Each structure stands twice: as C-alpha cells, then as structure tokens.
file structure.cif (mmCIF, C-alpha atoms)
data_final
loop_
_atom_site.label_atom_id
_atom_site.label_comp_id
_atom_site.auth_asym_id
_atom_site.auth_seq_id
_atom_site.Cartn_x
_atom_site.Cartn_y
_atom_site.Cartn_z
CA ARG N 1 184.32 -60.09 13.91
CA PHE N 2 183.29 -63.74 14.08
CA ALA N 3 180.68 -62.75 16.69
CA VAL N 4 179.33 -60.00 14.40
CA ALA N 5 178.98 -62.51 11.56
CA SER N 6 177.31 -65.05 13.84
CA TYR N 7 174.68 -62.61 15.10
CA THR N 8 174.09 -61.42 11.54
CA GLU N 9 173.39 -65.01 10.47
CA GLY N 10 170.96 -65.35 13.37
CA LEU N 11 169.08 -62.23 12.25
CA LYS N 12 168.78 -63.64 8.73
CA ALA N 13 166.58 -66.36 10.18
CA LYS N 14 163.94 -63.63 10.73
CA SER N 15 162.51 -64.94 13.96
CA GLU N 16 158.99 -63.85 14.79
CA ASP N 17 160.01 -63.47 18.44
CA LYS N 18 160.67 -59.76 19.12
CA GLU N 19 162.71 -60.55 22.20
CA VAL N 20 165.01 -62.88 20.25
CA ASN N 21 165.54 -60.33 17.49
CA THR N 22 166.19 -57.57 20.02
CA GLN N 23 168.75 -59.72 21.80
CA LEU N 24 170.53 -60.62 18.55
CA VAL N 25 170.76 -57.00 17.41
CA THR N 26 171.90 -55.84 20.85
CA ASN N 27 174.54 -58.56 21.02
CA ARG N 28 175.78 -57.61 17.57
CA ALA N 29 175.92 -53.98 18.74
CA ALA N 30 178.09 -55.11 21.66
CA ALA N 31 180.37 -57.06 19.33
CA GLN N 32 180.70 -54.08 17.00
CA PHE N 33 181.45 -51.84 19.97
CA HIS N 34 184.26 -54.02 21.27
CA ILE N 35 186.08 -53.98 17.91
CA GLY N 36 185.75 -50.21 17.63
CA ASN N 37 182.94 -50.04 15.05
CA TYR N 38 181.04 -47.45 17.05
CA ARG N 39 178.85 -46.17 14.21
CA SER N 40 177.75 -49.68 13.24
CA SER N 41 177.13 -50.44 16.89
CA LEU N 42 175.02 -47.29 17.23
CA ARG N 43 172.92 -48.26 14.19
CA ASP N 44 172.23 -51.64 15.78
CA CYS N 45 171.18 -49.93 19.02
CA GLU N 46 168.71 -47.79 17.06
CA THR N 47 167.38 -50.93 15.38
CA ALA N 48 167.00 -52.68 18.74
CA LEU N 49 164.95 -49.81 20.12
CA ARG N 50 162.68 -49.84 17.10
CA ILE N 51 161.95 -53.48 17.93
CA SER N 52 161.76 -52.99 21.69
CA ALA N 53 161.55 -49.40 22.87
CA THR N 54 162.30 -50.28 26.50
CA HIS N 55 165.47 -52.33 26.04
CA MET N 56 167.95 -50.86 28.55
CA LYS N 57 171.06 -52.57 27.15
CA ALA N 58 170.45 -50.96 23.76
CA VAL N 59 170.07 -47.54 25.38
CA LEU N 60 173.24 -47.89 27.42
CA ARG N 61 175.23 -49.16 24.46
CA GLY N 62 173.92 -46.32 22.27
CA ALA N 63 175.02 -43.76 24.87
CA GLN N 64 178.45 -45.39 25.09
CA CYS N 65 178.80 -45.27 21.29
CA CYS N 66 177.95 -41.57 21.20
CA SER N 67 180.48 -40.91 23.95
CA LYS N 68 183.22 -42.74 22.02
CA LEU N 69 182.29 -40.82 18.86
CA LYS N 70 182.42 -37.55 20.86
CA HIS N 71 178.81 -36.82 19.92
CA TYR N 72 178.04 -35.42 23.33
CA LYS N 73 174.63 -33.90 22.61
CA GLU N 74 173.45 -37.21 21.20
CA CYS N 75 174.96 -39.01 24.20
CA ILE N 76 172.87 -36.87 26.54
CA GLU N 77 169.75 -37.72 24.52
CA TRP N 78 170.53 -41.44 24.68
CA CYS N 79 171.09 -41.21 28.44
CA ASP N 80 167.76 -39.47 28.84
CA LYS N 81 166.05 -42.31 27.00
CA GLY N 82 166.97 -44.50 29.95
CA LEU N 83 166.72 -41.92 32.69
CA LYS N 84 163.50 -40.28 31.45
CA PRO N 85 161.62 -43.14 29.77
CA GLU N 86 158.29 -41.32 29.90
CA LYS N 87 159.64 -38.84 27.36
CA TYR N 88 161.00 -41.37 24.86
CA SER N 89 159.07 -44.64 25.22
CA LYS N 90 155.58 -45.94 25.87
CA GLY N 91 156.45 -47.37 29.25
CA PRO N 92 159.12 -47.87 31.93
CA PHE N 93 162.17 -50.01 31.31
CA THR N 94 161.83 -53.53 32.55
CA GLY N 95 164.31 -56.14 33.63
CA PRO N 96 166.06 -57.52 36.70
CA LEU N 97 167.00 -54.88 39.26
CA ASP N 98 170.60 -56.11 39.33
CA THR N 99 170.78 -55.28 35.60
CA LEU N 100 168.83 -52.01 35.61
CA ALA N 101 170.58 -50.37 38.58
CA PRO N 102 174.18 -50.54 37.17
CA ALA N 103 172.89 -49.40 33.78
CA LEU N 104 171.16 -46.38 35.31
CA ILE N 105 174.28 -45.51 37.30
CA GLU N 106 176.38 -45.75 34.13
CA LEU N 107 173.88 -43.56 32.25
CA LEU N 108 174.02 -40.93 35.00
CA LYS N 109 177.81 -40.97 34.81
CA LEU N 110 177.88 -40.73 31.02
CA ARG N 111 175.32 -37.94 31.05
CA ALA N 112 177.25 -35.90 33.62
CA GLU N 113 180.49 -36.32 31.67
CA SER N 114 178.80 -35.41 28.38
CA VAL N 115 177.14 -32.33 29.86
CA GLN N 116 180.49 -31.15 31.21
CA VAL N 117 182.31 -31.74 27.93
CA GLU N 118 179.51 -30.21 25.85
CA LYS N 119 179.58 -27.07 27.99
CA ALA N 120 183.35 -26.84 27.47
CA VAL N 121 182.92 -27.35 23.71
CA GLU N 122 180.25 -24.62 23.55
CA ARG N 123 182.40 -22.29 25.65
CA ASP N 124 185.41 -22.85 23.40
CA ALA N 125 183.25 -22.31 20.33
CA ARG N 126 182.01 -18.99 21.74
CA LYS N 127 185.57 -17.93 22.50
CA ARG N 128 186.70 -18.92 19.01
CA LEU N 129 183.88 -17.00 17.35
CA ALA N 130 184.59 -13.95 19.51
CA ALA N 131 188.30 -14.14 18.64
CA GLU N 132 187.51 -14.51 14.93
CA LYS N 133 185.15 -11.53 15.07
CA ARG N 134 187.74 -9.46 16.92
CA GLU N 135 190.46 -10.46 14.45
CA LYS N 136 188.23 -9.57 11.49
CA GLN N 137 187.50 -6.15 13.00
CA GLU N 138 191.23 -5.57 13.57
CA HIS N 139 192.00 -6.56 9.97
CA ASN N 140 189.31 -4.24 8.61
CA THR N 141 190.64 -1.40 10.78
CA LEU N 142 194.17 -2.08 9.52
CA LEU N 143 193.14 -2.01 5.86
CA GLU N 144 191.05 1.12 6.34
CA LEU N 145 193.93 2.92 8.07
CA ILE N 146 196.31 2.07 5.23
CA ARG N 147 193.76 3.45 2.76
CA GLN N 148 193.33 6.59 4.88
CA ARG N 149 197.09 7.10 5.00
CA GLY N 150 197.11 7.11 1.20
CA ILE N 151 199.72 4.36 1.00
CA LYS N 152 199.82 2.89 -2.49
CA VAL N 153 199.92 -0.89 -2.43
CA GLN N 154 200.50 -3.15 -5.41
CA SER N 155 197.30 -5.18 -5.20
CA LYS N 156 196.45 -8.48 -6.82
CA GLY N 157 192.82 -7.45 -7.24
CA SER N 158 190.61 -4.40 -7.51
CA SER N 159 190.63 -3.73 -3.76
CA LEU N 160 193.18 -3.96 -0.97
CA THR N 161 193.21 -7.24 0.96
CA LEU N 162 195.39 -8.77 3.67
CA SER N 163 197.09 -11.01 1.11
CA ASP N 164 198.50 -7.86 -0.54
CA LEU N 165 200.29 -7.11 2.74
CA GLU N 166 201.84 -10.55 3.26
CA PRO N 167 205.65 -10.32 3.12
CA CYS N 168 207.49 -12.50 0.61
CA HIS N 169 211.04 -11.96 1.82
CA PRO N 170 212.15 -15.04 3.86
CA ALA N 171 213.15 -12.90 6.85
CA ALA N 172 209.77 -11.17 6.93
CA VAL N 173 207.42 -14.12 6.47
CA GLN N 174 204.58 -14.05 9.05
CA LYS N 175 205.69 -10.58 10.13
CA ARG N 176 202.92 -8.66 8.40
CA VAL N 177 202.21 -5.03 9.22
CA ARG N 178 200.09 -4.72 12.33
CA LEU N 179 198.27 -2.10 14.33
CA GLN N 180 199.48 -1.15 17.81
CA ASP N 181 197.74 1.59 19.75
CA GLY N 182 196.54 3.16 16.51
CA ILE N 183 200.05 3.14 15.00
CA LEU N 184 201.07 1.04 12.00
CA VAL N 185 204.07 -1.15 12.77
CA TRP N 186 205.82 -2.37 9.62
CA PRO N 187 208.45 -4.96 8.74
CA VAL N 188 211.15 -3.03 6.87
CA LEU N 189 214.14 -4.11 4.79
CA PHE N 190 217.39 -2.16 4.51
CA LEU N 191 219.32 -3.25 1.42
CA TYR N 192 223.07 -2.73 1.04
CA PRO N 193 223.81 -3.36 -2.67
CA GLU N 194 227.52 -2.51 -2.32
CA ILE N 195 228.14 -5.58 -0.18
CA GLY N 196 225.08 -7.72 -0.98
CA GLU N 197 223.72 -7.65 2.58
CA THR N 198 220.22 -7.09 4.00
CA ASP N 199 218.95 -5.97 7.39
CA PHE N 200 215.44 -6.85 8.49
CA ILE N 201 213.78 -4.51 10.97
CA GLU N 202 210.87 -6.46 12.41
CA GLU N 203 209.12 -3.51 14.06
CA PHE N 204 209.48 -0.12 12.41
CA ARG N 205 206.72 2.13 13.75
CA GLU N 206 205.35 4.53 11.19
CA THR N 207 206.21 7.44 13.50
CA ASP N 208 209.87 6.36 13.85
CA ARG N 209 212.51 8.35 12.02
CA PHE N 210 215.06 6.63 9.82
CA ALA N 211 217.78 8.40 11.80
CA ASP N 212 216.62 6.66 14.98
CA HIS N 213 217.05 3.21 13.48
CA LEU N 214 220.34 4.10 11.83
CA GLU N 215 221.65 5.22 15.21
CA VAL N 216 220.71 1.87 16.74
CA MET N 217 222.37 -0.01 13.89
CA PHE N 218 225.45 2.12 13.16
CA GLY N 219 225.84 4.52 16.09
CA ALA N 220 229.23 5.20 17.67
CA GLN N 221 228.50 3.00 20.69
CA VAL N 222 227.27 0.03 18.63
CA ASP N 223 229.33 -3.01 17.69
CA ARG N 224 230.15 -2.99 14.00
CA PRO N 225 228.52 -5.63 11.79
CA PRO N 226 230.98 -8.23 10.40
CA TRP N 227 230.73 -6.71 6.94
CA ASP N 228 231.61 -3.17 8.11
CA GLN N 229 234.59 -3.52 10.42
CA GLN N 230 236.06 -0.34 8.89
CA GLY N 231 233.08 1.66 10.14
CA ARG N 232 232.20 3.19 6.78
CA TYR N 233 228.47 3.00 7.55
CA SER N 234 227.25 5.50 10.13
CA PRO N 235 224.07 7.56 10.63
CA GLN N 236 225.90 10.58 9.18
CA SER N 237 227.68 8.85 6.28
CA VAL N 238 224.84 7.00 4.57
CA VAL N 239 222.17 8.05 2.12
CA ILE N 240 218.75 6.36 1.82
CA TYR N 241 216.73 5.68 -1.34
CA PHE N 242 213.66 3.79 -2.44
CA GLU N 243 212.88 2.58 -5.95
CA ASP N 244 209.60 3.79 -7.44
CA GLN N 245 207.31 1.96 -9.86
CA ASP N 246 209.19 3.41 -12.84
CA ALA N 247 212.55 2.08 -11.57
CA ASN N 248 213.69 5.55 -10.53
CA LEU N 249 215.42 6.30 -7.23
CA VAL N 250 213.90 8.68 -4.69
CA CYS N 251 216.11 10.04 -1.91
CA VAL N 252 214.78 9.74 1.65
CA PRO N 253 216.11 12.28 4.19
CA SER N 254 217.18 10.49 7.37
CA ASP N 255 215.02 12.79 9.51
CA TRP N 256 211.89 11.57 7.71
CA THR N 257 209.50 9.26 9.48
CA LEU N 258 208.49 6.02 7.84
CA THR N 259 205.07 7.53 7.18
CA GLN N 260 206.64 10.37 5.19
CA ALA N 261 208.47 7.87 3.01
CA ILE N 262 205.69 5.38 2.31
CA THR N 263 203.07 8.07 1.70
CA ASN N 264 205.31 9.77 -0.85
CA LYS N 265 203.52 10.01 -4.19
CA ARG N 266 206.23 7.91 -5.86
CA PHE N 267 206.29 5.12 -3.29
CA ALA N 268 204.43 1.86 -3.97
CA LEU N 269 204.44 -0.96 -1.43
CA GLN N 270 205.45 -4.32 -2.88
CA ALA N 271 205.12 -7.70 -1.18
CA GLY N 272 203.97 -6.13 2.09
CA THR N 273 207.45 -4.94 3.09
CA PRO N 274 208.82 -1.42 2.59
CA GLY N 275 212.38 -1.71 1.28
CA PHE N 276 215.08 0.97 1.30
CA ILE N 277 218.51 1.09 -0.30
CA ILE N 278 221.40 2.22 1.91
CA LEU N 279 224.67 3.49 0.38
CA VAL N 280 227.67 5.32 1.73
CA LYS N 281 227.47 8.95 0.64
CA ASP N 282 229.93 9.99 -2.09
CA SER N 283 231.38 6.49 -2.27
CA LYS N 284 232.34 4.84 -5.55
CA ALA N 285 229.56 2.34 -4.98
CA GLN N 286 226.99 5.14 -4.73
CA LYS N 287 228.26 6.80 -7.89
CA ASP N 288 228.24 3.52 -9.80
CA PHE N 289 224.77 2.72 -8.52
CA LEU N 290 223.38 6.10 -9.59
CA THR N 291 224.58 5.56 -13.15
CA LYS N 292 221.99 2.76 -13.44
CA TYR N 293 219.04 4.81 -12.24
CA SER N 294 217.44 8.18 -12.66
CA LEU N 295 217.27 10.17 -9.43
CA VAL N 296 213.92 11.93 -9.01
CA LYS N 297 212.30 14.01 -6.30
#
call {"tool": "encode", "arguments": {"input": "structure.cif", "output": "structure tokens"}}
result
Amino acid sequence: RFAVASYTEGLKAKSEDKEVNTQLVTNRAAAQFHIGNYRSSLRDCETALRISATHMKAVLRGAQCCSKLKHYKECIEWCDKGLKPEKYSKGPFTGPLDTLAPALIELLKLRAESVQVEKAVERDARKRLAAEKREKQEHNTLLELIRQRGIKVQSKGSSLTLSDLEPCHPAAVQKRVRLQDGILVWPVLFLYPEIGETDFIEEFRETDRFADHLEVMFGAQVDRPPWDQQGRYSPQSVVIYFEDQDANLVCVPSDWTLTQAITNKRFALQAGTPGFIILVKDSKAQKDFLTKYSLVK
C-alpha cells in the first residue's frame, strides 16, 4: 500500500514525459495487483495504454487482472492487444527482446487458459438454460394434467401454480407431486386419529388402489407397527375417509384408485398433499369420530 501511495504522489507531479507517466501508472498497477486490488490495477492498466498504446507491461498486467477477476472474455481481448497489435494499436510493441518474449509467452498461456474456461462457461450456461427450459415444460405439463384430471386445488391465486402443490407437512416437504411416464405420483398422508399417528407415503401413483398400499402396510406377512401390536389394523378391518371443504367426511372404498378419490366432486387438495383418515371399522373410535362429522356420499 505504501508503494501505491508513492506512485500516486509521483503522478501528482504531472510530468510532461509520457514515458515517465506510463511507468508510474504501470508500477502502481503492479502494486495494486500484488495486494489483490485487481479492479484498481486494471483501471491503471487502461490509463497506461491511453498514454502509451504499445506498452507491453500494461497489456500483460491487464490480462492478468481479468484472469484473476474471472472475466475471461475480457482477458482474451487484453491478450490480443499484445498478440495482435495491428488490431488494437497504431504500431508494434517495442522494448527489449528479453522483456517482450516472456510477456508474449505469458499472454499466449493466459489466452489459451481463458479460451478453455470461457468455452466451459458457455457450455455450462447452455446446459443450464436447456435444463431450465426442460423443467419449465415439465412443470407446465404437470399443471395442465392436474387441470385436465379435474382435481380441485385450493389455490392462493386465480390460477393454479406450482406453489399451490408444495407440501406443508414436515414429512412431505420437497416431495411435491411429479409426473412419471404420464402418471401423476403423489405424496399421500394416512392419518390415524385414534392413536395420533401418521404414515407418509412418498410415492402413491394415481393408478394405485388404496387396497394395494394397505396390503403393504398392514398385510398378514408384514411386521406390525409399534402402535398396533394387537393387529387391529388390516386391509380388511379399516375404513378410509377424506374431509371435504365443508368439514364433512366422505368414505373411500379401498378398491378405489387414488385418481377416483382426488377427482371426487367433494375432494379439494390442500397443501399439495392428499390426506386420508384411517379408522378401524365398527370400533368405538370410529363411532366417536363419526359423531363429530356428517358422513356424505
């Protein structure tokens, strides 16, 4: 920093010698570079070239600054100022050969590195744009399919958006409905109010029957959950309901598919996750539960 201040004081003298001024600015650029002030260093390099358009040290330092700043296109341009002087200056670069040759070699190296990195950056950008476009198309297809299915969704706005399908239940976060081979795959919650438990089914295909999932969860060959060691819950012993928008219960036959349930005229999707109440048929808990709701078809 002392060097930067010293060269700044020298420039304040406003010498009429272009070569002296160029040297002072270039030296200050070098000092700025070595303390990591790459933008300030680059500005000094630009100033040096305005004073002396064929000053190789300023060109090399400017290219190095752009490389450090990861401005690869600009780095290539700065390299070309030294490698293709006829394009950028009024004449060839001058100076001792032992100074010019290493500078030119360094410019060639910086240019090759920048070209390689810039190509990689452009390639990654193309891939990212293609992925974003593909994702947007998939999202639009998903929303359109839900509309075509006639699934009612509680929406925050006038039209259905992806945010309306984002799950809020902790177990279902980041498990939004998705499309797989033209089939909607939903996160589904089974609620057991008698015992205060919840099961989260991460992938419930819309063509799956409730009976199929109940068999996996409560079939004869399946280990009992800790809260049902007595085996009261089985595919044959439970009854399934969902709650409609008017706080009524609607019974769901176990041989229904998920599509049949969520396209029912009384069903309304809330928080992106279809939820169903599971009770043991004819149990006291079921009878008590039904006293709090109206059962509708």
call {"tool": "resolve_selection", "arguments": {"input": "structure.cif", "expression": "the PyMOL selection byres ((chain N and resi 297) around 10)", "output": "number ranges by chain"}}
result
N: 248-252, 264-266, 295-296
call {"tool": "resolve_selection", "arguments": {"input": "structure.cif", "expression": "the PyMOL selection byres ((chain N and resi 3-11) around 6)", "output": "PDB file with C-alpha atoms, in the coordinates of the input"}}
result
ATOM      1  CA  ARG N   1     184.320 -60.090  13.910  1.00  0.00           C
ATOM      2  CA  PHE N   2     183.290 -63.740  14.080  1.00  0.00           C
ATOM      3  CA  LYS N  12     168.780 -63.640   8.730  1.00  0.00           C
ATOM      4  CA  ALA N  13     166.580 -66.360  10.180  1.00  0.00           C
ATOM      5  CA  LYS N  14     163.940 -63.630  10.730  1.00  0.00           C
ATOM      6  CA  LEU N  24     170.530 -60.620  18.550  1.00  0.00           C
ATOM      7  CA  ARG N  28     175.780 -57.610  17.570  1.00  0.00           C
ATOM      8  CA  ALA N  31     180.370 -57.060  19.330  1.00  0.00           C
TER       9      ALA N  31
END
call {"tool": "resolve_selection", "arguments": {"input": "structure.cif", "expression": "the PyMOL selection byres ((chain N and resi 215) around 12)", "output": "PDB file with C-alpha atoms, keeping the file's coordinate frame"}}
result
ATOM      1  CA  ASP N 208     209.870   6.360  13.850  1.00  0.00           C
ATOM      2  CA  ARG N 209     212.510   8.350  12.020  1.00  0.00           C
ATOM      3  CA  PHE N 210     215.060   6.630   9.820  1.00  0.00           C
ATOM      4  CA  ALA N 211     217.780   8.400  11.800  1.00  0.00           C
ATOM      5  CA  ASP N 212     216.620   6.660  14.980  1.00  0.00           C
ATOM      6  CA  HIS N 213     217.050   3.210  13.480  1.00  0.00           C
ATOM      7  CA  LEU N 214     220.340   4.100  11.830  1.00  0.00           C
ATOM      8  CA  VAL N 216     220.710   1.870  16.740  1.00  0.00           C
ATOM      9  CA  MET N 217     222.370  -0.010  13.890  1.00  0.00           C
ATOM     10  CA  PHE N 218     225.450   2.120  13.160  1.00  0.00           C
ATOM     11  CA  GLY N 219     225.840   4.520  16.090  1.00  0.00           C
ATOM     12  CA  ALA N 220     229.230   5.200  17.670  1.00  0.00           C
ATOM     13  CA  GLN N 221     228.500   3.000  20.690  1.00  0.00           C
ATOM     14  CA  VAL N 222     227.270   0.030  18.630  1.00  0.00           C
ATOM     15  CA  ASP N 223     229.330  -3.010  17.690  1.00  0.00           C
ATOM     16  CA  ARG N 224     230.150  -2.990  14.000  1.00  0.00           C
ATOM     17  CA  TYR N 233     228.470   3.000   7.550  1.00  0.00           C
ATOM     18  CA  SER N 234     227.250   5.500  10.130  1.00  0.00           C
ATOM     19  CA  PRO N 235     224.070   7.560  10.630  1.00  0.00           C
ATOM     20  CA  GLN N 236     225.900  10.580   9.180  1.00  0.00           C
ATOM     21  CA  SER N 237     227.680   8.850   6.280  1.00  0.00           C
ATOM     22  CA  VAL N 238     224.840   7.000   4.570  1.00  0.00           C
ATOM     23  CA  SER N 254     217.180  10.490   7.370  1.00  0.00           C
ATOM     24  CA  ASP N 255     215.020  12.790   9.510  1.00  0.00           C
TER      25      ASP N 255
END
call {"tool": "residues_around", "arguments": {"input": "structure.cif", "residues": "Glu144 of chain N", "least_positions_apart": "6", "cutoff": "12 Å", "atoms": "only C-alpha atoms", "output": "list in words"}}
result
Gln137, Glu138, Gly150, Ile151, Ser159, Leu160, Thr161, Leu162, Leu179, Gly182 and Leu184 of chain N
call {"tool": "atom_distance", "arguments": {"input": "structure.cif", "atom1": "atom CA of Glu106 of chain N", "atom2": "atom CA of Glu122 of chain N"}}
result
23.9 Å
call {"tool": "closest_residue", "arguments": {"input": "structure.cif", "among": "N:Pro102, N:Gln270, N:Ser41, N:Lys292", "to": "Glu166 of chain N", "atoms": "all atoms listed in the file"}}
result
N:Gln270
call {"tool": "atom_distance", "arguments": {"input": "structure.cif", "atom1": "atom CA of Ala268 of chain N", "atom2": "atom CA of Pro225 of chain N"}}
result
29.7 Å
call {"tool": "residues_around", "arguments": {"input": "structure.cif", "residues": "Gln180 of chain N", "least_positions_apart": "3", "cutoff": "10 Å", "atoms": "only C-alpha atoms", "output": "CSV table (one decimal) with C-alpha atoms, keeping the file's coordinate frame"}}
result
chain,number,residue,atom,x,y,z
N,142,LEU,CA,194.2,-2.1,9.5
N,177,VAL,CA,202.2,-5.0,9.2
N,183,ILE,CA,200.0,3.1,15.0
N,184,LEU,CA,201.1,1.0,12.0
N,185,VAL,CA,204.1,-1.2,12.8
N,205,ARG,CA,206.7,2.1,13.8
